[in-house]
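Pasting target.csv here (CSV, C-alpha atoms):
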```csv
chain,number,residue,atom,x,y,z
A,276,MET,CA,121.6,79.2,67.8
A,277,LEU,CA,120.9,81.1,64.6
A,278,GLU,CA,123.5,83.0,62.6
A,279,ILE,CA,121.7,85.9,61.0
A,280,GLU,CA,123.2,87.2,57.8
A,281,LYS,CA,120.6,89.9,56.9
A,282,ALA,CA,117.6,91.7,58.4
A,283,GLU,CA,115.0,93.6,56.5
A,284,GLY,CA,111.6,94.9,57.7
A,285,VAL,CA,110.0,92.2,59.8
A,286,PHE,CA,112.3,89.5,58.5
A,287,LEU,CA,115.6,87.9,59.5
A,288,PHE,CA,117.6,85.7,57.1
A,289,ASP,CA,120.1,83.1,58.2
A,290,VAL,CA,123.3,82.1,56.4
A,291,SER,CA,121.5,79.5,54.5
A,292,GLY,CA,119.0,82.0,53.2
A,293,LYS,CA,116.1,80.8,55.4
A,294,LYS,CA,113.6,83.6,56.2
A,295,TYR,CA,112.2,84.1,59.7
A,296,LEU,CA,109.5,86.5,60.8
A,297,ASP,CA,110.8,88.4,63.8
A,298,LEU,CA,108.1,88.4,66.5
A,299,ILE,CA,110.2,90.0,69.2
A,300,SER,CA,112.1,92.9,67.5
A,301,GLY,CA,115.3,92.3,69.5
A,302,ILE,CA,113.1,92.7,72.6
A,303,SER,CA,111.0,95.7,71.4
A,304,VAL,CA,113.9,97.5,69.7
A,305,SER,CA,113.1,97.4,66.0
A,306,ASN,CA,109.8,99.2,66.4
A,307,ILE,CA,109.7,100.5,62.8
A,308,GLY,CA,111.3,97.3,61.4
A,309,HIS,CA,114.9,96.3,60.6
A,310,ARG,CA,116.9,98.7,58.4
A,311,HIS,CA,114.1,101.1,57.8
A,312,PRO,CA,114.9,103.3,54.8
A,313,ALA,CA,114.4,106.6,56.7
A,314,VAL,CA,116.8,105.4,59.5
A,315,LEU,CA,119.4,104.3,57.0
A,316,ALA,CA,119.2,107.6,55.2
A,317,ALA,CA,119.5,109.6,58.4
A,318,ILE,CA,122.6,107.5,59.5
A,319,ARG,CA,124.3,108.0,56.1
A,320,GLN,CA,123.6,111.7,56.1
A,321,GLN,CA,125.1,112.1,59.6
A,322,LEU,CA,128.1,109.9,58.8
A,323,ASP,CA,129.0,112.4,56.0
A,324,ARG,CA,129.0,115.2,58.6
A,325,TYR,CA,130.7,114.0,61.8
A,326,MET,CA,130.6,111.2,64.3
A,327,HIS,CA,131.9,111.4,67.8
A,328,LEU,CA,133.1,114.8,69.0
A,329,MET,CA,132.6,115.4,72.7
A,330,VAL,CA,129.4,115.4,74.7
A,331,TYR,CA,130.2,117.4,77.9
A,332,GLY,CA,129.0,120.7,76.6
A,333,GLU,CA,132.0,121.8,74.5
A,334,TYR,CA,130.1,121.7,71.2
A,335,VAL,CA,126.6,122.3,70.0
A,336,GLN,CA,125.6,119.2,68.0
A,337,SER,CA,122.5,119.7,65.9
A,338,PRO,CA,121.4,116.0,66.0
A,339,GLN,CA,121.2,116.2,69.8
A,340,VAL,CA,119.4,119.6,69.8
A,341,GLN,CA,116.9,118.6,67.2
A,342,LEU,CA,116.0,115.3,68.9
A,343,ALA,CA,115.7,116.8,72.4
A,344,THR,CA,113.5,119.6,71.0
A,345,ALA,CA,111.3,117.1,69.1
A,346,LEU,CA,110.9,114.8,72.1
A,347,SER,CA,110.0,117.7,74.4
A,348,GLN,CA,107.4,118.9,71.9
A,349,THR,CA,105.6,115.5,72.1
A,350,LEU,CA,105.6,115.6,75.9
A,351,PRO,CA,103.8,117.5,78.8
A,352,SER,CA,105.5,120.8,79.7
A,353,SER,CA,107.0,119.4,82.9
A,354,LEU,CA,109.1,116.9,80.8
A,355,ASN,CA,111.2,119.5,79.2
A,356,SER,CA,114.9,118.5,79.8
A,357,VAL,CA,116.5,115.6,78.0
A,358,TYR,CA,119.7,113.8,79.0
A,359,PHE,CA,120.9,111.3,76.3
A,360,LEU,CA,122.6,108.1,77.3
A,361,ASN,CA,123.5,104.8,75.6
A,362,SER,CA,121.1,102.2,77.0
A,363,GLY,CA,118.2,101.5,79.3
A,364,ALA,CA,120.5,100.5,82.1
A,365,GLU,CA,122.4,103.7,81.8
A,366,VAL,CA,119.2,105.7,82.0
A,367,THR,CA,118.3,103.8,85.1
A,368,GLU,CA,121.6,104.6,86.7
A,369,ALA,CA,121.2,108.3,85.9
A,370,ALA,CA,117.7,108.4,87.2
A,371,MET,CA,118.7,106.9,90.5
A,372,LYS,CA,121.5,109.3,91.0
A,373,LEU,CA,119.4,112.3,90.0
A,374,ALA,CA,116.5,111.4,92.3
A,375,LYS,CA,118.9,111.1,95.3
A,376,ARG,CA,120.8,114.2,94.4
A,377,TYR,CA,117.6,116.3,93.9
A,378,ASN,CA,115.9,115.6,97.2
A,379,GLY,CA,118.7,114.4,99.4
A,380,LYS,CA,117.0,111.0,100.2
A,381,SER,CA,118.5,107.6,99.7
A,382,GLU,CA,115.6,105.2,99.8
A,383,ILE,CA,114.4,103.9,96.4
A,384,ILE,CA,111.3,101.8,95.8
A,385,ALA,CA,110.7,99.5,92.8
A,386,CYS,CA,108.1,96.9,92.0
A,387,ARG,CA,108.6,93.2,92.5
A,388,GLN,CA,109.5,91.3,89.3
A,389,SER,CA,110.3,94.6,87.5
A,390,TYR,CA,113.4,94.8,85.3
A,391,HIS,CA,115.4,98.0,84.9
A,392,GLY,CA,118.8,96.7,83.7
A,393,SER,CA,121.7,94.6,84.9
A,394,THR,CA,124.4,97.1,85.9
A,395,GLN,CA,124.9,97.1,89.7
A,396,GLY,CA,122.6,100.0,90.4
A,397,ALA,CA,119.9,98.8,88.1
A,398,LEU,CA,120.3,95.2,89.4
A,399,SER,CA,119.6,96.5,92.9
A,400,LEU,CA,116.1,97.3,91.7
A,401,ASN,CA,115.6,93.6,90.8
A,402,SER,CA,113.5,91.8,93.5
A,403,GLU,CA,114.6,88.3,92.3
A,404,GLU,CA,117.5,86.9,94.3
A,405,TYR,CA,118.5,84.4,91.6
A,406,PHE,CA,119.7,87.3,89.5
A,407,LYS,CA,121.3,89.3,92.3
A,408,ASN,CA,122.9,87.0,94.8
A,409,ALA,CA,126.1,86.4,93.0
A,410,PHE,CA,126.9,90.1,92.7
A,411,ARG,CA,126.3,91.3,96.3
A,412,PRO,CA,126.8,93.7,98.0
A,413,LEU,CA,124.5,95.9,95.9
A,414,LEU,CA,123.0,99.3,96.7
A,415,PRO,CA,121.4,99.7,100.2
A,416,ASP,CA,118.0,101.3,101.0
A,417,ILE,CA,116.1,99.5,98.2
A,418,ARG,CA,112.5,98.6,99.0
A,419,PHE,CA,110.0,96.6,96.9
A,420,ILE,CA,106.2,96.9,96.5
A,421,ARG,CA,103.8,94.6,94.6
A,422,PHE,CA,102.7,95.7,91.2
A,423,ASN,CA,99.0,96.8,91.0
A,424,GLN,CA,98.6,96.3,94.8
A,425,GLU,CA,97.3,99.5,96.3
A,426,LYS,CA,97.8,98.3,99.9
A,427,ASP,CA,101.6,98.4,99.3
A,428,LEU,CA,101.6,102.2,98.5
A,429,THR,CA,101.8,102.9,102.2
A,430,LEU,CA,105.4,101.7,102.0
A,431,ILE,CA,106.1,104.9,100.2
A,432,THR,CA,107.0,107.5,102.8
A,433,PRO,CA,108.7,110.9,103.1
A,434,LYS,CA,112.0,109.0,103.3
A,435,THR,CA,111.5,107.7,99.8
A,436,ALA,CA,113.5,109.5,97.1
A,437,CYS,CA,111.8,107.9,94.1
A,438,VAL,CA,109.6,105.1,92.9
A,439,PHE,CA,110.4,103.2,89.6
A,440,ILE,CA,107.6,101.6,87.8
A,441,GLU,CA,106.9,100.1,84.3
A,442,PRO,CA,103.4,101.0,82.9
A,443,VAL,CA,103.5,97.5,81.5
A,444,GLN,CA,105.8,95.1,83.4
A,445,GLY,CA,108.2,93.6,80.9
A,446,GLU,CA,110.0,90.6,82.2
A,447,ALA,CA,107.0,89.6,84.4
A,448,GLY,CA,105.2,88.7,81.2
A,449,TYR,CA,103.7,91.9,79.9
A,450,LEU,CA,101.4,92.8,82.8
A,451,PRO,CA,99.7,96.2,82.3
A,452,ALA,CA,99.3,98.6,85.2
A,453,GLN,CA,95.7,99.3,86.3
A,454,LYS,CA,94.7,102.9,85.7
A,455,LYS,CA,93.3,103.3,89.2
A,456,TYR,CA,96.5,101.9,90.7
A,457,LEU,CA,98.8,104.4,88.8
A,458,LYS,CA,96.5,107.3,89.9
A,459,LYS,CA,96.8,106.2,93.5
A,460,LEU,CA,100.6,105.8,93.1
A,461,ARG,CA,100.8,109.4,91.7
A,462,GLU,CA,98.8,110.7,94.6
A,463,ARG,CA,101.0,108.9,97.2
A,464,THR,CA,104.2,110.2,95.6
A,465,LEU,CA,102.9,113.7,95.7
A,466,GLU,CA,101.9,113.4,99.3
A,467,THR,CA,105.3,112.1,100.4
A,468,GLY,CA,107.5,114.4,98.1
A,469,THR,CA,108.7,111.3,96.2
A,470,LEU,CA,109.7,111.4,92.5
A,471,LEU,CA,107.7,109.1,90.3
A,472,ILE,CA,109.8,107.5,87.5
A,473,PHE,CA,108.2,105.7,84.6
A,474,ASP,CA,110.4,103.2,82.9
A,475,GLU,CA,109.2,103.3,79.3
A,476,ILE,CA,112.3,101.7,77.9
A,477,GLN,CA,110.2,98.9,76.4
A,478,THR,CA,106.8,100.5,76.3
A,479,GLY,CA,107.9,103.8,74.6
A,480,PHE,CA,107.9,104.7,71.0
A,481,GLY,CA,104.5,103.4,70.0
A,482,ARG,CA,104.7,99.9,71.4
A,483,THR,CA,101.5,100.0,73.4
A,484,GLY,CA,99.3,102.0,71.0
A,485,SER,CA,100.4,105.6,71.9
A,486,LEU,CA,103.8,107.2,71.6
A,487,PHE,CA,104.3,106.7,75.3
A,488,ALA,CA,102.3,104.4,77.5
A,489,PHE,CA,101.7,107.0,80.2
A,490,GLU,CA,99.5,108.9,77.8
A,491,GLN,CA,96.9,106.2,78.2
A,492,TYR,CA,96.8,106.5,82.0
A,493,ASP,CA,96.3,110.3,82.6
A,494,VAL,CA,99.3,110.2,84.9
A,495,VAL,CA,102.4,112.3,84.2
A,496,PRO,CA,105.7,111.1,85.8
A,497,ASP,CA,108.4,113.3,87.2
A,498,MET,CA,111.0,111.4,85.1
A,499,LEU,CA,110.6,109.4,81.9
A,500,MET,CA,113.1,106.7,80.9
A,501,LEU,CA,113.4,105.8,77.2
A,502,ALA,CA,115.7,103.5,75.2
A,503,LYS,CA,115.2,100.3,73.1
A,504,GLY,CA,112.8,101.3,70.3
A,505,MET,CA,114.1,104.8,70.4
A,506,GLY,CA,117.1,104.3,68.1
A,507,GLY,CA,115.8,102.2,65.2
A,508,GLY,CA,118.5,99.6,66.0
A,509,MET,CA,121.2,102.1,67.1
A,510,PRO,CA,122.2,102.3,70.8
A,511,ILE,CA,120.6,105.3,72.6
A,512,GLY,CA,118.6,106.1,75.7
A,513,ALA,CA,117.1,109.2,77.3
A,514,LEU,CA,116.2,110.5,80.7
A,515,ILE,CA,113.6,113.2,80.5
A,516,THR,CA,112.5,115.4,83.4
A,517,ASP,CA,111.9,119.0,84.4
A,518,ARG,CA,114.9,121.3,84.0
A,519,ASN,CA,114.7,122.3,87.6
A,520,ILE,CA,115.3,118.7,88.6
A,521,MET,CA,117.9,118.1,85.9
A,522,GLN,CA,119.9,121.1,87.2
A,523,SER,CA,120.9,119.0,90.2
A,524,PHE,CA,123.5,117.4,88.0
A,525,THR,CA,125.2,120.7,87.4
A,526,ASN,CA,126.6,121.5,90.9
A,527,ASP,CA,128.0,119.9,94.0
A,528,PRO,CA,129.6,118.3,92.1
A,529,TYR,CA,129.5,119.7,88.6
A,530,LEU,CA,129.4,117.1,85.9
A,531,GLY,CA,127.3,115.1,88.3
A,532,HIS,CA,126.7,112.5,85.6
A,533,ILE,CA,128.7,112.1,82.4
A,534,THR,CA,129.0,109.5,79.6
A,535,THR,CA,131.4,109.5,76.7
A,536,PHE,CA,129.0,108.4,74.0
A,537,GLY,CA,125.7,109.7,75.3
A,538,GLY,CA,123.8,111.5,72.6
A,539,HIS,CA,126.1,110.2,69.9
A,540,PRO,CA,125.2,112.2,66.8
A,541,VAL,CA,124.6,109.1,64.6
A,542,SER,CA,122.3,107.5,67.1
A,543,CYS,CA,120.5,110.8,67.6
A,544,ALA,CA,120.0,111.1,63.8
A,545,SER,CA,118.6,107.6,63.7
A,546,ALA,CA,116.3,108.3,66.7
A,547,MET,CA,115.0,111.4,65.0
A,548,ALA,CA,114.1,109.4,61.9
A,549,VAL,CA,112.2,106.9,64.1
A,550,LEU,CA,110.3,109.7,66.0
A,551,HIS,CA,109.4,111.3,62.7
A,552,GLU,CA,108.1,108.1,61.2
A,553,LEU,CA,106.0,107.3,64.3
A,554,THR,CA,104.5,110.8,64.5
A,555,THR,CA,103.7,111.2,60.8
A,556,SER,CA,102.6,107.7,59.7
A,557,SER,CA,99.6,105.6,60.6
A,558,LEU,CA,101.7,103.0,62.5
A,559,ILE,CA,100.5,103.9,66.0
A,560,SER,CA,96.9,104.3,65.1
A,561,GLU,CA,96.9,100.8,63.6
A,562,ILE,CA,98.2,99.1,66.7
A,563,SER,CA,94.8,98.6,68.5
A,564,SER,CA,93.4,96.7,65.5
A,565,LYS,CA,96.6,94.6,65.1
A,566,GLU,CA,96.4,93.7,68.8
A,567,ALA,CA,92.7,92.7,68.4
A,568,LEU,CA,93.7,90.5,65.5
A,569,PHE,CA,96.3,88.7,67.5
A,570,ARG,CA,93.8,88.2,70.4
A,571,SER,CA,91.1,86.9,68.0
A,572,LEU,CA,93.4,84.4,66.3
A,573,LEU,CA,95.3,83.1,69.4
A,574,SER,CA,92.6,81.0,71.0
A,575,HIS,CA,94.1,77.5,71.4
A,576,ALA,CA,92.8,75.6,74.5
A,577,ALA,CA,96.4,75.2,75.8
A,578,ILE,CA,96.8,79.0,76.1
A,579,ARG,CA,96.0,79.8,79.8
A,580,SER,CA,96.0,83.5,79.4
A,581,LEU,CA,96.9,86.3,76.9
A,582,SER,CA,98.2,89.4,78.7
A,583,GLY,CA,99.7,92.7,77.5
A,584,LYS,CA,98.9,95.9,75.8
A,585,GLY,CA,99.2,97.0,72.1
A,586,LEU,CA,101.9,95.0,70.4
A,587,MET,CA,103.5,93.7,73.6
A,588,LEU,CA,101.6,90.5,74.3
A,589,ALA,CA,102.3,87.3,76.2
A,590,LEU,CA,100.8,83.8,75.9
A,591,GLU,CA,100.8,81.7,79.1
A,592,PHE,CA,101.3,77.9,79.1
A,593,ASP,CA,101.4,75.3,81.9
A,594,SER,CA,105.2,75.2,82.2
A,595,PHE,CA,108.5,76.5,80.9
A,596,GLU,CA,109.1,73.0,79.3
A,597,THR,CA,105.9,73.3,77.2
A,598,ASN,CA,106.6,76.9,76.3
A,599,LYS,CA,110.2,76.2,75.3
A,600,LYS,CA,109.1,73.3,73.0
A,601,ILE,CA,106.5,75.6,71.4
A,602,ILE,CA,109.1,78.4,70.9
A,603,ASP,CA,111.6,75.9,69.4
A,604,ARG,CA,108.9,74.5,67.0
A,605,CYS,CA,107.9,78.1,65.9
A,606,ILE,CA,111.6,78.8,65.1
A,607,GLU,CA,111.8,75.6,63.1
A,608,LYS,CA,108.8,76.9,61.1
A,609,GLY,CA,110.4,80.4,60.5
A,610,LEU,CA,108.9,82.4,63.4
A,611,ILE,CA,111.2,84.0,66.0
A,612,THR,CA,109.8,84.3,69.6
A,613,ASP,CA,111.1,84.0,73.1
A,614,TRP,CA,110.1,83.8,76.8
A,615,PHE,CA,110.5,86.1,79.8
A,616,LEU,CA,113.0,86.3,82.7
A,617,PHE,CA,110.4,86.2,85.4
A,618,ALA,CA,107.7,84.3,83.5
A,619,THR,CA,109.4,81.5,81.7
A,620,ASN,CA,106.1,79.8,80.9
A,621,LYS,CA,105.0,82.8,78.8
A,622,LEU,CA,105.7,83.3,75.0
A,623,ARG,CA,106.7,86.8,74.0
A,624,ILE,CA,105.0,88.7,71.1
A,625,SER,CA,106.4,92.1,70.3
A,626,PRO,CA,106.9,92.3,66.6
A,627,PRO,CA,107.9,95.4,64.6
A,628,LEU,CA,104.9,97.8,64.5
A,629,THR,CA,105.1,97.5,60.8
A,630,ILE,CA,103.9,94.0,60.8
A,631,THR,CA,100.9,93.6,58.4
A,632,CYS,CA,97.6,91.9,59.1
A,633,GLU,CA,98.5,89.1,56.7
A,634,GLN,CA,101.8,88.5,58.5
A,635,ILE,CA,99.9,88.5,61.9
A,636,GLU,CA,97.6,85.8,60.5
A,637,TRP,CA,100.5,83.7,59.3
A,638,ALA,CA,102.3,84.1,62.6
A,639,CYS,CA,99.2,83.1,64.6
A,640,GLY,CA,98.8,80.1,62.4
A,641,VAL,CA,102.3,79.0,63.1
A,642,ILE,CA,101.8,79.5,66.8
A,643,ASN,CA,98.5,77.6,66.9
A,644,GLU,CA,100.0,74.8,64.8
A,645,SER,CA,103.1,74.5,67.0
A,646,ILE,CA,100.9,74.4,70.1
A,647,SER,CA,98.8,71.6,68.7
A,648,GLU,CA,101.9,69.6,67.7
A,649,ILE,CA,103.5,70.0,71.1
A,650,CYS,CA,100.5,69.6,73.3
A,651,ASN,CA,98.9,66.8,71.4
A,652,ASN,CA,102.0,64.8,70.7
A,653,GLY,CA,104.0,65.7,73.8
```
Output the file's structure in the form of structure tokens.
Amino acid sequence: MLEIEKAEGVFLFDVSGKKYLDLISGISVSNIGHRHPAVLAAIRQQLDRYMHLMVYGEYVQSPQVQLATALSQTLPSSLNSVYFLNSGAEVTEAAMKLAKRYNGKSEIIACRQSYHGSTQGALSLNSEEYFKNAFRPLLPDIRFIRFNQEKDLTLITPKTACVFIEPVQGEAGYLPAQKKYLKKLRERTLETGTLLIFDEIQTGFGRTGSLFAFEQYDVVPDMLMLAKGMGGGMPIGALITDRNIMQSFTNDPYLGHITTFGGHPVSCASAMAVLHELTTSSLISEISSKEALFRSLLSHAAIRSLSGKGLMLALEFDSFETNKKIIDRCIEKGLITDWFLFATNKLRISPPLTITCEQIEWACGVINESISEICNNG
């Protein structure tokens, strides 16, 4: 276990001063790097004004208004109402409640080996019994379909309130959705009056090469879930939908969903700085070439596959044991990486989007060297 004393850009520093290149960004959180100057400036500026007030509508708070407006301006017209929360799991909980309240249905469908959080509602959307069994009973009326399997779409019926899906499955080992599959899914949800919810908690904010991954699929969801990379290291999440849907939270009962710290002004100010950096810099436009560089340099014979999209990539090995040894060797050499909940034989690559080509070359050299040392020497 490492004790980190400082973080800056793409690097972490432990208490002995050793430098590590961060290849996982706190699981796709520090998209524009650790302690980005614009984020720090926005936080300091907001700290000098006010911190927590109340978030139930008593006060107009400009950081919330500015961020909600800016997000809406980047999205299709149907995604025009923003509800701020504190984390991805909270966003999932709000989305489940809103879908059931809006259309009066209770059945919810999620994909097998998807991950939407660990609170009780979000955990109910997890297909893996290992993670759920100790916490039963969980929510009823949850059904599962297989990711990228068109045959399973018939399981979506007029009884289905909503379908949750990740455009790139995270904890299954960075598996991108097929474009044809998402189009068929959109058609099926429209046929059955089912809300389509895209979980972009990990894929959002530039991670896959566009501000939001759904932009690459020509499919617009009914609800969009955001968190992780949104806050530049500060806790924040957002559920975005059409205001006609969001209005369901305002009556029978009123205050249909509340959260004390949702839309905290400091977190909103930080997120605004992140959004501005991503939409005004070249970071997103550089991602495809950085992905290509990773793919060209990671070609060791022991790598069984390289999956993913943009700067969320996964290397597959023969076993968890091999993968863990490679990860540990990388860390010894100053490169931080990790594995996946449902794909323990895969090594995670999701660095800050600010990583340079020279840093990618160094990281790939460390990975290849570590693979050789482990696979050749046992």
**OP:** Identify, on the basis of only C-alpha atoms, every residue whose closest approach to A:His551 does not exceed 12 Å; exclude the query and any residue fewer than 4 positions from it along the same chain; express the result as an NGL selection string.
**Re:** :A and (307 or 313-314 or 317 or 341-342 or 345-346 or 349 or 480-481 or 486 or 505-507 or 544-547 or 555-558)
Original post:
Using all atoms listed in the file, which of A:Ala488, A:Leu465, A:Leu457, A:Met498 sits nearest A:Thr367?
Top reply: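 Distance minimum relative to A:Thr367 lands on A:Met498.
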Original post:
Near A:Leu450, within 7 Å and counting all atoms listed in the file, which residues show up once chain neighbours fewer than 6 positions away are dropped, as a list of chain:residue names?
Top reply: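 Those residues are A:Val443, A:Gln444, A:Ser582, A:Gly583.
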Subject >> Non-local contacts of A:Gly508 (10 Å; all atoms listed in the file; under 4 positions in same chain excluded) as a ChimeraX atom specification >> reply: /A:300-301,304-311,314,503-504,542,545-546,549
**OP:** Rank nothing, just name the residue among A:Lys372, A:Thr535, A:Gly396, A:Gln453 nearest to A:Tyr492, using all atoms listed in the file.
**Re:** A:Gln453
Subject >> A:Gln424 environment, 10 Å, all atoms listed in the file, sequence neighbours closer than 5 positions dropped, as JSON, numbers by chain >> reply: {"A": [386, 452, 453, 456, 460]}
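Atom pair atom CA of A:Phe419 / atom CA of A:Thr394 has a distance of 18.1 Å (rounded to one decimal).
As for atom CA of A:Arg319 and atom CA of A:Val340, they are spaced 18.6 Å apart.
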Original post:
Which is closest to A:Arg324 among A:Leu610, A:Val541, A:Leu428, A:Ile299, if we use all atoms listed in the file?
Top reply: A:Val541
Original post:
Counting all atoms listed in the file, what is within 12 Å of A:Glu636, bar same-chain residues fewer than 2 positions away, as a ChimeraX atom specification?
Top reply: /A:296,565-573,630-634,638-643
Original post:
Quick one: distance from atom CA of A:Gly468 to atom CA of A:Ala364 in Å, one decimal?
Top reply: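 One can read the atom CA of A:Gly468 to atom CA of A:Ala364 distance as 24.9 Å.
Residue nearest A:Thr432 within the list A:Ser381, A:Thr344, A:Ser389, A:Ser356: A:Ser381 [criterion: smallest interatomic distance, only C-alpha atoms].
Minimum atom-to-atom distance to A:Leu470, evaluated using all atoms listed in the file, belongs to A:Thr435 out of A:Gln348, A:Thr554, A:Thr435, A:Ser485.
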Would you be able to write out as a short mmCIF file (atom, residue, chain, number, x, y, z; two decimals) with C-alpha atoms, in the coordinates of the input which residues have an atom within 12 Å of (116.6, 82.1, 55.6) in the file's coordinates, counting all atoms listed in the file?
```cif
data_model
loop_
_atom_site.label_atom_id
_atom_site.label_comp_id
_atom_site.auth_asym_id
_atom_site.auth_seq_id
_atom_site.Cartn_x
_atom_site.Cartn_y
_atom_site.Cartn_z
CA LEU A 277 120.90 81.10 64.60
CA GLU A 278 123.50 83.00 62.60
CA ILE A 279 121.70 85.90 61.00
CA GLU A 280 123.20 87.20 57.80
CA LYS A 281 120.60 89.90 56.90
CA ALA A 282 117.60 91.70 58.40
CA GLU A 283 115.00 93.60 56.50
CA PHE A 286 112.30 89.50 58.50
CA LEU A 287 115.60 87.90 59.50
CA PHE A 288 117.60 85.70 57.10
CA ASP A 289 120.10 83.10 58.20
CA VAL A 290 123.30 82.10 56.40
CA SER A 291 121.50 79.50 54.50
CA GLY A 292 119.00 82.00 53.20
CA LYS A 293 116.10 80.80 55.40
CA LYS A 294 113.60 83.60 56.20
CA TYR A 295 112.20 84.10 59.70
CA LEU A 296 109.50 86.50 60.80
CA ASP A 297 110.80 88.40 63.80
CA ILE A 606 111.60 78.80 65.10
CA GLU A 607 111.80 75.60 63.10
CA LYS A 608 108.80 76.90 61.10
CA GLY A 609 110.40 80.40 60.50
CA LEU A 610 108.90 82.40 63.40
CA ILE A 611 111.20 84.00 66.00
#
```
Original post:
Using all atoms listed in the file, which of A:Ala369, A:Gly585, A:Leu322, A:Gln388 sits nearest A:Leu499?
Top reply: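 When distances to A:Leu499 are compared using all atoms listed in the file, the smallest one comes from A:Ala369.
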